[in-house]
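Q: This is work20.pdb (PDB, C-alpha atoms).
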```pdb
ATOM      1  CA  MET A   6      67.593 -39.823  -5.546  1.00  0.00           C
ATOM      2  CA  GLU A   7      71.103 -38.524  -6.045  1.00  0.00           C
ATOM      3  CA  ILE A   8      71.526 -34.853  -6.910  1.00  0.00           C
ATOM      4  CA  THR A   9      73.281 -35.661 -10.192  1.00  0.00           C
ATOM      5  CA  GLN A  10      70.314 -37.780 -11.308  1.00  0.00           C
ATOM      6  CA  PHE A  11      67.972 -34.919 -10.506  1.00  0.00           C
ATOM      7  CA  LEU A  12      70.099 -32.311 -12.281  1.00  0.00           C
ATOM      8  CA  ASN A  13      70.243 -34.509 -15.392  1.00  0.00           C
ATOM      9  CA  LEU A  14      66.457 -34.171 -15.688  1.00  0.00           C
ATOM     10  CA  LEU A  15      66.654 -30.367 -15.905  1.00  0.00           C
ATOM     11  CA  SER A  16      67.748 -27.922 -18.594  1.00  0.00           C
ATOM     12  CA  LYS A  17      70.287 -25.089 -18.520  1.00  0.00           C
ATOM     13  CA  VAL A  18      71.747 -26.185 -15.191  1.00  0.00           C
ATOM     14  CA  LYS A  19      74.381 -23.802 -13.799  1.00  0.00           C
ATOM     15  CA  LYS A  20      76.392 -24.388 -10.649  1.00  0.00           C
ATOM     16  CA  THR A  21      76.158 -21.326  -8.385  1.00  0.00           C
ATOM     17  CA  GLY A  22      78.056 -22.534  -5.336  1.00  0.00           C
ATOM     18  CA  LYS A  23      78.877 -25.565  -3.259  1.00  0.00           C
ATOM     19  CA  GLY A  24      75.790 -27.767  -3.375  1.00  0.00           C
ATOM     20  CA  LYS A  25      73.778 -25.077  -5.220  1.00  0.00           C
ATOM     21  CA  TRP A  26      72.518 -24.736  -8.802  1.00  0.00           C
ATOM     22  CA  MET A  27      70.095 -22.770 -10.954  1.00  0.00           C
ATOM     23  CA  ALA A  28      68.075 -24.355 -13.776  1.00  0.00           C
ATOM     24  CA  CYS A  29      64.986 -23.798 -15.862  1.00  0.00           C
ATOM     25  CA  CYS A  30      61.846 -24.655 -13.928  1.00  0.00           C
ATOM     26  CA  PRO A  31      60.197 -27.613 -15.669  1.00  0.00           C
ATOM     27  CA  ALA A  32      56.756 -26.757 -14.251  1.00  0.00           C
ATOM     28  CA  HIS A  33      56.131 -23.657 -16.350  1.00  0.00           C
ATOM     29  CA  GLY A  34      58.246 -23.942 -19.498  1.00  0.00           C
ATOM     30  CA  ASP A  35      61.002 -21.644 -18.300  1.00  0.00           C
ATOM     31  CA  LYS A  36      63.369 -20.288 -20.966  1.00  0.00           C
ATOM     32  CA  ASN A  37      65.911 -18.865 -18.506  1.00  0.00           C
ATOM     33  CA  PRO A  38      67.049 -20.460 -15.252  1.00  0.00           C
ATOM     34  CA  SER A  39      64.784 -19.280 -12.440  1.00  0.00           C
ATOM     35  CA  MET A  40      64.699 -22.342 -10.210  1.00  0.00           C
ATOM     36  CA  ALA A  41      67.178 -22.688  -7.355  1.00  0.00           C
ATOM     37  CA  ILE A  42      68.324 -26.167  -6.412  1.00  0.00           C
ATOM     38  CA  ALA A  43      70.317 -27.025  -3.308  1.00  0.00           C
ATOM     39  CA  GLU A  44      71.444 -30.244  -1.692  1.00  0.00           C
ATOM     40  CA  SER A  45      71.156 -30.305   2.103  1.00  0.00           C
ATOM     41  CA  SER A  46      73.768 -31.924   4.332  1.00  0.00           C
ATOM     42  CA  ASN A  47      71.694 -35.114   4.567  1.00  0.00           C
ATOM     43  CA  GLY A  48      71.252 -35.371   0.781  1.00  0.00           C
ATOM     44  CA  THR A  49      67.747 -33.926   0.535  1.00  0.00           C
ATOM     45  CA  ILE A  50      67.187 -31.962  -2.675  1.00  0.00           C
ATOM     46  CA  LEU A  51      65.599 -28.543  -2.163  1.00  0.00           C
ATOM     47  CA  VAL A  52      63.952 -26.600  -4.997  1.00  0.00           C
ATOM     48  CA  HIS A  53      62.461 -23.122  -5.274  1.00  0.00           C
ATOM     49  CA  CYS A  54      60.983 -21.469  -8.368  1.00  0.00           C
ATOM     50  CA  PHE A  55      61.629 -17.730  -8.225  1.00  0.00           C
ATOM     51  CA  SER A  56      59.791 -16.886 -11.456  1.00  0.00           C
ATOM     52  CA  GLN A  57      56.289 -18.329 -11.002  1.00  0.00           C
ATOM     53  CA  GLY A  58      56.542 -19.742  -7.476  1.00  0.00           C
ATOM     54  CA  CYS A  59      55.762 -23.246  -8.711  1.00  0.00           C
ATOM     55  CA  ASP A  60      55.167 -25.719  -5.912  1.00  0.00           C
ATOM     56  CA  VAL A  61      57.239 -28.847  -5.336  1.00  0.00           C
ATOM     57  CA  ASP A  62      54.484 -31.148  -6.595  1.00  0.00           C
ATOM     58  CA  SER A  63      54.330 -29.261  -9.915  1.00  0.00           C
ATOM     59  CA  ILE A  64      58.112 -29.194 -10.309  1.00  0.00           C
ATOM     60  CA  THR A  65      58.613 -32.888  -9.584  1.00  0.00           C
ATOM     61  CA  GLY A  66      55.512 -33.937 -11.540  1.00  0.00           C
ATOM     62  CA  ALA A  67      56.735 -32.108 -14.660  1.00  0.00           C
ATOM     63  CA  ILE A  68      59.804 -34.369 -14.791  1.00  0.00           C
ATOM     64  CA  GLY A  69      58.050 -37.589 -13.794  1.00  0.00           C
ATOM     65  CA  LEU A  70      58.963 -37.586 -10.104  1.00  0.00           C
ATOM     66  CA  THR A  71      57.211 -37.165  -6.777  1.00  0.00           C
ATOM     67  CA  PRO A  72      58.335 -35.006  -3.833  1.00  0.00           C
ATOM     68  CA  ALA A  73      59.434 -38.202  -2.069  1.00  0.00           C
ATOM     69  CA  ASP A  74      62.096 -38.632  -4.773  1.00  0.00           C
ATOM     70  CA  LEU A  75      63.859 -35.524  -3.443  1.00  0.00           C
ATOM     71  CA  PHE A  76      64.814 -37.328  -0.232  1.00  0.00           C
ATOM     72  CA  PRO A  77      67.782 -39.693   0.088  1.00  0.00           C
ATOM     73  CA  PRO A  78      66.984 -43.405   0.300  1.00  0.00           C
ATOM     74  CA  LYS A  79      66.488 -44.718   3.815  1.00  0.00           C
ATOM     75  CA  ASP A  80      69.527 -46.485   5.135  1.00  0.00           C
ATOM     76  CA  GLU A  81      69.510 -48.386   8.421  1.00  0.00           C
ATOM     77  CA  ARG A  82      73.094 -47.279   9.099  1.00  0.00           C
ATOM     78  CA  TRP A  83      71.759 -43.742   9.606  1.00  0.00           C
ATOM     79  CA  GLN A  84      69.728 -44.940  12.586  1.00  0.00           C
ATOM     80  CA  LYS A  85      72.913 -45.143  14.653  1.00  0.00           C
ATOM     81  CA  GLU A  86      75.457 -42.533  15.684  1.00  0.00           C
ATOM     82  CA  GLU A  87      76.958 -40.593  12.807  1.00  0.00           C
ATOM     83  CA  ALA A  88      79.320 -37.639  12.974  1.00  0.00           C
ATOM     84  CA  GLY A  89      78.032 -36.453  16.333  1.00  0.00           C
ATOM     85  CA  GLN A  90      74.384 -36.851  15.380  1.00  0.00           C
ATOM     86  CA  PHE A  91      71.873 -39.378  16.625  1.00  0.00           C
ATOM     87  CA  ARG A  92      68.457 -40.363  15.362  1.00  0.00           C
ATOM     88  CA  ILE A  93      65.254 -41.107  17.164  1.00  0.00           C
ATOM     89  CA  GLY A  94      62.368 -42.188  14.971  1.00  0.00           C
ATOM     90  CA  GLY A  95      64.527 -41.514  11.912  1.00  0.00           C
ATOM     91  CA  GLN A  96      64.989 -37.817  12.666  1.00  0.00           C
ATOM     92  CA  PRO A  97      68.502 -36.563  13.398  1.00  0.00           C
ATOM     93  CA  PHE A  98      69.369 -34.513  16.418  1.00  0.00           C
ATOM     94  CA  THR A  99      72.658 -32.883  17.278  1.00  0.00           C
ATOM     95  CA  ALA A 100      74.508 -32.619  20.575  1.00  0.00           C
ATOM     96  CA  TYR A 101      72.956 -29.146  20.950  1.00  0.00           C
ATOM     97  CA  ASP A 102      69.471 -30.614  20.522  1.00  0.00           C
ATOM     98  CA  ALA A 103      70.250 -33.243  23.168  1.00  0.00           C
ATOM     99  CA  LEU A 104      71.518 -30.625  25.617  1.00  0.00           C
ATOM    100  CA  ALA A 105      68.452 -28.450  25.024  1.00  0.00           C
ATOM    101  CA  CYS A 106      66.231 -31.440  25.762  1.00  0.00           C
ATOM    102  CA  LEU A 107      68.213 -32.277  28.893  1.00  0.00           C
ATOM    103  CA  ALA A 108      67.992 -28.658  30.047  1.00  0.00           C
ATOM    104  CA  PHE A 109      64.212 -28.734  29.658  1.00  0.00           C
ATOM    105  CA  GLU A 110      63.877 -32.069  31.475  1.00  0.00           C
ATOM    106  CA  GLY A 111      66.157 -30.739  34.223  1.00  0.00           C
ATOM    107  CA  LEU A 112      63.914 -27.689  34.531  1.00  0.00           C
ATOM    108  CA  ILE A 113      60.899 -29.966  35.068  1.00  0.00           C
ATOM    109  CA  VAL A 114      62.720 -31.815  37.860  1.00  0.00           C
ATOM    110  CA  ALA A 115      63.993 -28.569  39.426  1.00  0.00           C
ATOM    111  CA  THR A 116      60.520 -26.985  39.378  1.00  0.00           C
ATOM    112  CA  VAL A 117      58.900 -29.918  41.168  1.00  0.00           C
ATOM    113  CA  ALA A 118      61.835 -30.117  43.617  1.00  0.00           C
ATOM    114  CA  SER A 119      61.391 -26.408  44.360  1.00  0.00           C
ATOM    115  CA  ASP A 120      57.675 -26.938  44.987  1.00  0.00           C
ATOM    116  CA  ILE A 121      58.492 -29.771  47.408  1.00  0.00           C
ATOM    117  CA  ASP A 122      61.039 -27.528  49.132  1.00  0.00           C
ATOM    118  CA  ASP A 123      58.274 -24.921  49.541  1.00  0.00           C
ATOM    119  CA  GLY A 124      56.134 -27.549  51.280  1.00  0.00           C
ATOM    120  CA  LEU A 125      53.839 -28.307  48.349  1.00  0.00           C
ATOM    121  CA  VAL A 126      52.818 -31.875  47.593  1.00  0.00           C
ATOM    122  CA  PRO A 127      53.262 -32.741  43.904  1.00  0.00           C
ATOM    123  CA  SER A 128      50.108 -33.771  42.062  1.00  0.00           C
ATOM    124  CA  PRO A 129      49.956 -37.246  40.497  1.00  0.00           C
ATOM    125  CA  GLU A 130      50.510 -35.564  37.092  1.00  0.00           C
ATOM    126  CA  ASP A 131      53.608 -33.766  38.383  1.00  0.00           C
ATOM    127  CA  ARG A 132      55.003 -36.998  39.838  1.00  0.00           C
ATOM    128  CA  GLU A 133      54.388 -38.769  36.530  1.00  0.00           C
ATOM    129  CA  ARG A 134      56.069 -35.941  34.578  1.00  0.00           C
ATOM    130  CA  VAL A 135      59.140 -36.080  36.847  1.00  0.00           C
ATOM    131  CA  THR A 136      59.297 -39.842  36.224  1.00  0.00           C
ATOM    132  CA  VAL A 137      59.207 -39.202  32.456  1.00  0.00           C
ATOM    133  CA  ALA A 138      61.920 -36.537  32.795  1.00  0.00           C
ATOM    134  CA  ALA A 139      64.130 -38.883  34.807  1.00  0.00           C
ATOM    135  CA  GLY A 140      63.666 -41.597  32.185  1.00  0.00           C
ATOM    136  CA  ARG A 141      64.630 -39.237  29.386  1.00  0.00           C
ATOM    137  CA  ILE A 142      67.716 -38.088  31.264  1.00  0.00           C
ATOM    138  CA  LEU A 143      68.757 -41.717  31.846  1.00  0.00           C
ATOM    139  CA  THR A 144      68.145 -42.560  28.182  1.00  0.00           C
ATOM    140  CA  ALA A 145      70.389 -39.656  27.154  1.00  0.00           C
ATOM    141  CA  LEU A 146      73.075 -40.988  29.487  1.00  0.00           C
ATOM    142  CA  GLU A 147      72.873 -44.393  27.778  1.00  0.00           C
ATOM    143  CA  TYR A 148      73.556 -42.750  24.389  1.00  0.00           C
ATOM    144  CA  VAL A 149      76.807 -41.194  25.545  1.00  0.00           C
ATOM    145  CA  SER A 150      78.142 -44.068  27.624  1.00  0.00           C
TER     146      SER A 150
END
```
Can the structure from this file be put into C-alpha cells for me?
A:
Amino acid sequence: MEITQFLNLLSKVKKTGKGKWMACCPAHGDKNPSMAIAESSNGTILVHCFSQGCDVDSITGAIGLTPADLFPPKDERWQKEEAGQFRIGGQPFTAYDALACLAFEGLIVATVASDIDDGLVPSPEDRERVTVAAGRILTALEYVS
C-alpha cells in the first residue's frame, strides 16, 4: 500500500517531517493525534500509538486493513541489484552487510588454517564448515564481478 492511501484512511493527519506524520489512532477513538506514522526507505509503513499503545493488528483492523498492507507490494525488480543493495531470499543487504559476512567467513577459514599450522587435524565438521565458507566467499565474488 502506498503511504498516501494509508494516510487517507486516517483523521487529523499532520506532517511532522520528511516521511513522518501524526494522526488520530483509529484503534481507540482518538480525538487528538497520538499515533506516529513513518515511511521507511523501502516503502514500509510504520505506526506507533503513543496514547494507548495500540498494537499494529488493532490499528490496521480498525481501518479495514491487515498488517501485511503496511508493506510495499512485492516486485521482482527488487530481487536484483538496486542502489548498492542486494537481496537474498527477498531481504536486502548492504555492502556493509556483505563485508561483515565476508569477514566472518574469513575468520572461519583463518581459524581452521591456524589450527592446521599448529599441527591439528581439522574434524570433518570443520572441513565442511571451511567448504561452506569458501562457497560463500566465491558467491560474494560473483555478485561484484
Q: Return the single residue from A:Asp62, A:Glu44, A:Asp120, A:Glu7 that is closest to Gly24 of chain A, with distances computed using all atoms listed in the file.
A: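 That would be A:Glu44, the residue with the smallest distance to Gly24 of chain A.
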Q: Calculate how many Å separate atom CA of Ser39 of chain A from atom CA of Pro78 of chain A, rounding to one decimal.
A: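 Taking atom CA of Ser39 of chain A and atom CA of Pro78 of chain A, their separation equals 27.4 Å.
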Q: What is the distance, in Å and to one decimal place, between atom CA of Val61 of chain A and atom CA of Pro77 of chain A?
A: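 Calculated distance between atom CA of Val61 of chain A and atom CA of Pro77 of chain A is 16.1 Å.
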Q: Mind listing whatever residues come within 12 Å of the point (72.4, -22.9, -8.4)? Use only C-alpha atoms, file coordinates, and give them as a PyMOL selection string.
A: chain A and resi 12+17-29+38-44+50-55
Q: Which residue is closest to Ser56 of chain A? Choose from A:Ala138, A:Leu70, A:Cys30, A:Ile8 and count all atoms listed in the file.
A: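 Checking each of A:Ala138, A:Leu70, A:Cys30, A:Ile8 against Ser56 of chain A, counting all atoms listed in the file, the winner is A:Cys30.
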Q: What is the distance, in Å and to one decimal place, between atom CA of Phe109 of chain A and atom CA of Glu147 of chain A?
A: 18.0 Å
Q: My list of candidates is A:Gly69, A:Ala105, A:Asp123, A:Thr136. Which is closest to Phe11 of chain A when distances are computed with only C-alpha atoms?
A: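 Smallest distance to Phe11 of chain A is found for A:Gly69.
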Q: Select, from A:Ala139, A:Ile113, A:Cys59, A:Leu75, the residue with the minimum atom-to-atom distance to His33 of chain A, counting only C-alpha atoms.
A: A:Cys59
Q: Calculated over all atoms listed in the file, which of the candidates A:Ser119, A:Val137, A:Met6, A:Gly111 has the smallest distance to Asn47 of chain A?
A: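 Answer, going by the shortest atom-to-atom distance: A:Met6.
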Q: As a list of chain:residue names, please: the residues near Ala145 of chain A (cut-off 10 Å, all atoms listed in the file, same-chain neighbours under 6 positions excluded).
A: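 The contact residues come out as A:Ala103, A:Leu104, A:Cys106, A:Leu107, A:Ala139.
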Q: Can you put all heavy atoms back into segment 46-57 of chain A and show it as a PDB file, in the coordinates of the input?
A:
```pdb
ATOM      1  N   SER A  46      72.691 -31.092   3.803  1.00  0.00           N
ATOM      2  CA  SER A  46      73.768 -31.924   4.332  1.00  0.00           C
ATOM      3  C   SER A  46      73.386 -33.394   4.425  1.00  0.00           C
ATOM      4  O   SER A  46      74.247 -34.253   4.391  1.00  0.00           O
ATOM      5  CB  SER A  46      74.208 -31.412   5.703  1.00  0.00           C
ATOM      6  OG  SER A  46      73.125 -31.484   6.605  1.00  0.00           O
ATOM      7  N   ASN A  47      72.091 -33.714   4.506  1.00  0.00           N
ATOM      8  CA  ASN A  47      71.694 -35.114   4.567  1.00  0.00           C
ATOM      9  C   ASN A  47      71.317 -35.679   3.201  1.00  0.00           C
ATOM     10  O   ASN A  47      70.843 -36.801   3.104  1.00  0.00           O
ATOM     11  CB  ASN A  47      70.558 -35.322   5.573  1.00  0.00           C
ATOM     12  CG  ASN A  47      69.222 -34.802   5.087  1.00  0.00           C
ATOM     13  OD1 ASN A  47      69.121 -34.149   4.049  1.00  0.00           O
ATOM     14  ND2 ASN A  47      68.181 -35.061   5.841  1.00  0.00           N
ATOM     15  N   GLY A  48      71.514 -34.888   2.133  1.00  0.00           N
ATOM     16  CA  GLY A  48      71.252 -35.371   0.781  1.00  0.00           C
ATOM     17  C   GLY A  48      69.874 -35.041   0.246  1.00  0.00           C
ATOM     18  O   GLY A  48      69.540 -35.406  -0.877  1.00  0.00           O
ATOM     19  N   THR A  49      69.063 -34.328   1.009  1.00  0.00           N
ATOM     20  CA  THR A  49      67.747 -33.926   0.535  1.00  0.00           C
ATOM     21  C   THR A  49      67.915 -32.840  -0.517  1.00  0.00           C
ATOM     22  O   THR A  49      68.731 -31.936  -0.369  1.00  0.00           O
ATOM     23  CB  THR A  49      66.882 -33.398   1.694  1.00  0.00           C
ATOM     24  OG1 THR A  49      66.740 -34.422   2.669  1.00  0.00           O
ATOM     25  CG2 THR A  49      65.516 -32.953   1.206  1.00  0.00           C
ATOM     26  N   ILE A  50      67.136 -32.938  -1.593  1.00  0.00           N
ATOM     27  CA  ILE A  50      67.187 -31.962  -2.675  1.00  0.00           C
ATOM     28  C   ILE A  50      66.104 -30.908  -2.423  1.00  0.00           C
ATOM     29  O   ILE A  50      64.931 -31.233  -2.247  1.00  0.00           O
ATOM     30  CB  ILE A  50      66.980 -32.648  -4.038  1.00  0.00           C
ATOM     31  CG1 ILE A  50      68.067 -33.693  -4.274  1.00  0.00           C
ATOM     32  CG2 ILE A  50      66.947 -31.612  -5.161  1.00  0.00           C
ATOM     33  CD1 ILE A  50      67.801 -34.621  -5.441  1.00  0.00           C
ATOM     34  N   LEU A  51      66.515 -29.657  -2.399  1.00  0.00           N
ATOM     35  CA  LEU A  51      65.599 -28.543  -2.163  1.00  0.00           C
ATOM     36  C   LEU A  51      65.430 -27.757  -3.453  1.00  0.00           C
ATOM     37  O   LEU A  51      66.415 -27.513  -4.157  1.00  0.00           O
ATOM     38  CB  LEU A  51      66.164 -27.642  -1.067  1.00  0.00           C
ATOM     39  CG  LEU A  51      66.570 -28.350   0.228  1.00  0.00           C
ATOM     40  CD1 LEU A  51      67.351 -27.399   1.126  1.00  0.00           C
ATOM     41  CD2 LEU A  51      65.363 -28.894   0.940  1.00  0.00           C
ATOM     42  N   VAL A  52      64.211 -27.366  -3.779  1.00  0.00           N
ATOM     43  CA  VAL A  52      63.952 -26.600  -4.997  1.00  0.00           C
ATOM     44  C   VAL A  52      63.076 -25.397  -4.675  1.00  0.00           C
ATOM     45  O   VAL A  52      62.234 -25.451  -3.776  1.00  0.00           O
ATOM     46  CB  VAL A  52      63.265 -27.470  -6.085  1.00  0.00           C
ATOM     47  CG1 VAL A  52      64.183 -28.578  -6.563  1.00  0.00           C
ATOM     48  CG2 VAL A  52      61.954 -28.046  -5.595  1.00  0.00           C
ATOM     49  N   HIS A  53      63.292 -24.316  -5.423  1.00  0.00           N
ATOM     50  CA  HIS A  53      62.461 -23.122  -5.274  1.00  0.00           C
ATOM     51  C   HIS A  53      62.409 -22.390  -6.606  1.00  0.00           C
ATOM     52  O   HIS A  53      63.434 -22.008  -7.159  1.00  0.00           O
ATOM     53  CB  HIS A  53      63.003 -22.190  -4.198  1.00  0.00           C
ATOM     54  CG  HIS A  53      62.177 -20.958  -4.034  1.00  0.00           C
ATOM     55  ND1 HIS A  53      60.970 -20.964  -3.370  1.00  0.00           N
ATOM     56  CD2 HIS A  53      62.365 -19.694  -4.480  1.00  0.00           C
ATOM     57  CE1 HIS A  53      60.458 -19.749  -3.410  1.00  0.00           C
ATOM     58  NE2 HIS A  53      61.281 -18.959  -4.072  1.00  0.00           N
ATOM     59  N   CYS A  54      61.191 -22.202  -7.116  1.00  0.00           N
ATOM     60  CA  CYS A  54      60.983 -21.469  -8.368  1.00  0.00           C
ATOM     61  C   CYS A  54      60.780 -20.000  -8.028  1.00  0.00           C
ATOM     62  O   CYS A  54      59.807 -19.619  -7.389  1.00  0.00           O
ATOM     63  CB  CYS A  54      59.773 -22.013  -9.109  1.00  0.00           C
ATOM     64  SG  CYS A  54      59.342 -21.035 -10.564  1.00  0.00           S
ATOM     65  N   PHE A  55      61.715 -19.158  -8.492  1.00  0.00           N
ATOM     66  CA  PHE A  55      61.629 -17.730  -8.225  1.00  0.00           C
ATOM     67  C   PHE A  55      60.726 -17.010  -9.223  1.00  0.00           C
ATOM     68  O   PHE A  55      60.192 -15.953  -8.927  1.00  0.00           O
ATOM     69  CB  PHE A  55      63.025 -17.095  -8.262  1.00  0.00           C
ATOM     70  CG  PHE A  55      63.842 -17.400  -7.042  1.00  0.00           C
ATOM     71  CD1 PHE A  55      64.787 -18.405  -7.066  1.00  0.00           C
ATOM     72  CD2 PHE A  55      63.655 -16.691  -5.860  1.00  0.00           C
ATOM     73  CE1 PHE A  55      65.544 -18.692  -5.942  1.00  0.00           C
ATOM     74  CE2 PHE A  55      64.399 -16.971  -4.738  1.00  0.00           C
ATOM     75  CZ  PHE A  55      65.353 -17.974  -4.772  1.00  0.00           C
ATOM     76  N   SER A  56      60.545 -17.559 -10.409  1.00  0.00           N
ATOM     77  CA  SER A  56      59.791 -16.886 -11.456  1.00  0.00           C
ATOM     78  C   SER A  56      58.279 -16.945 -11.214  1.00  0.00           C
ATOM     79  O   SER A  56      57.618 -15.918 -11.123  1.00  0.00           O
ATOM     80  CB  SER A  56      60.125 -17.494 -12.813  1.00  0.00           C
ATOM     81  OG  SER A  56      59.327 -16.938 -13.816  1.00  0.00           O
ATOM     82  N   GLN A  57      57.735 -18.145 -11.129  1.00  0.00           N
ATOM     83  CA  GLN A  57      56.289 -18.329 -11.002  1.00  0.00           C
ATOM     84  C   GLN A  57      55.876 -18.855  -9.628  1.00  0.00           C
ATOM     85  O   GLN A  57      54.685 -19.009  -9.365  1.00  0.00           O
ATOM     86  CB  GLN A  57      55.793 -19.317 -12.062  1.00  0.00           C
ATOM     87  CG  GLN A  57      56.121 -18.931 -13.481  1.00  0.00           C
ATOM     88  CD  GLN A  57      55.334 -17.725 -13.938  1.00  0.00           C
ATOM     89  OE1 GLN A  57      54.151 -17.601 -13.644  1.00  0.00           O
ATOM     90  NE2 GLN A  57      55.986 -16.822 -14.651  1.00  0.00           N
TER      91      GLN A  57
END
```
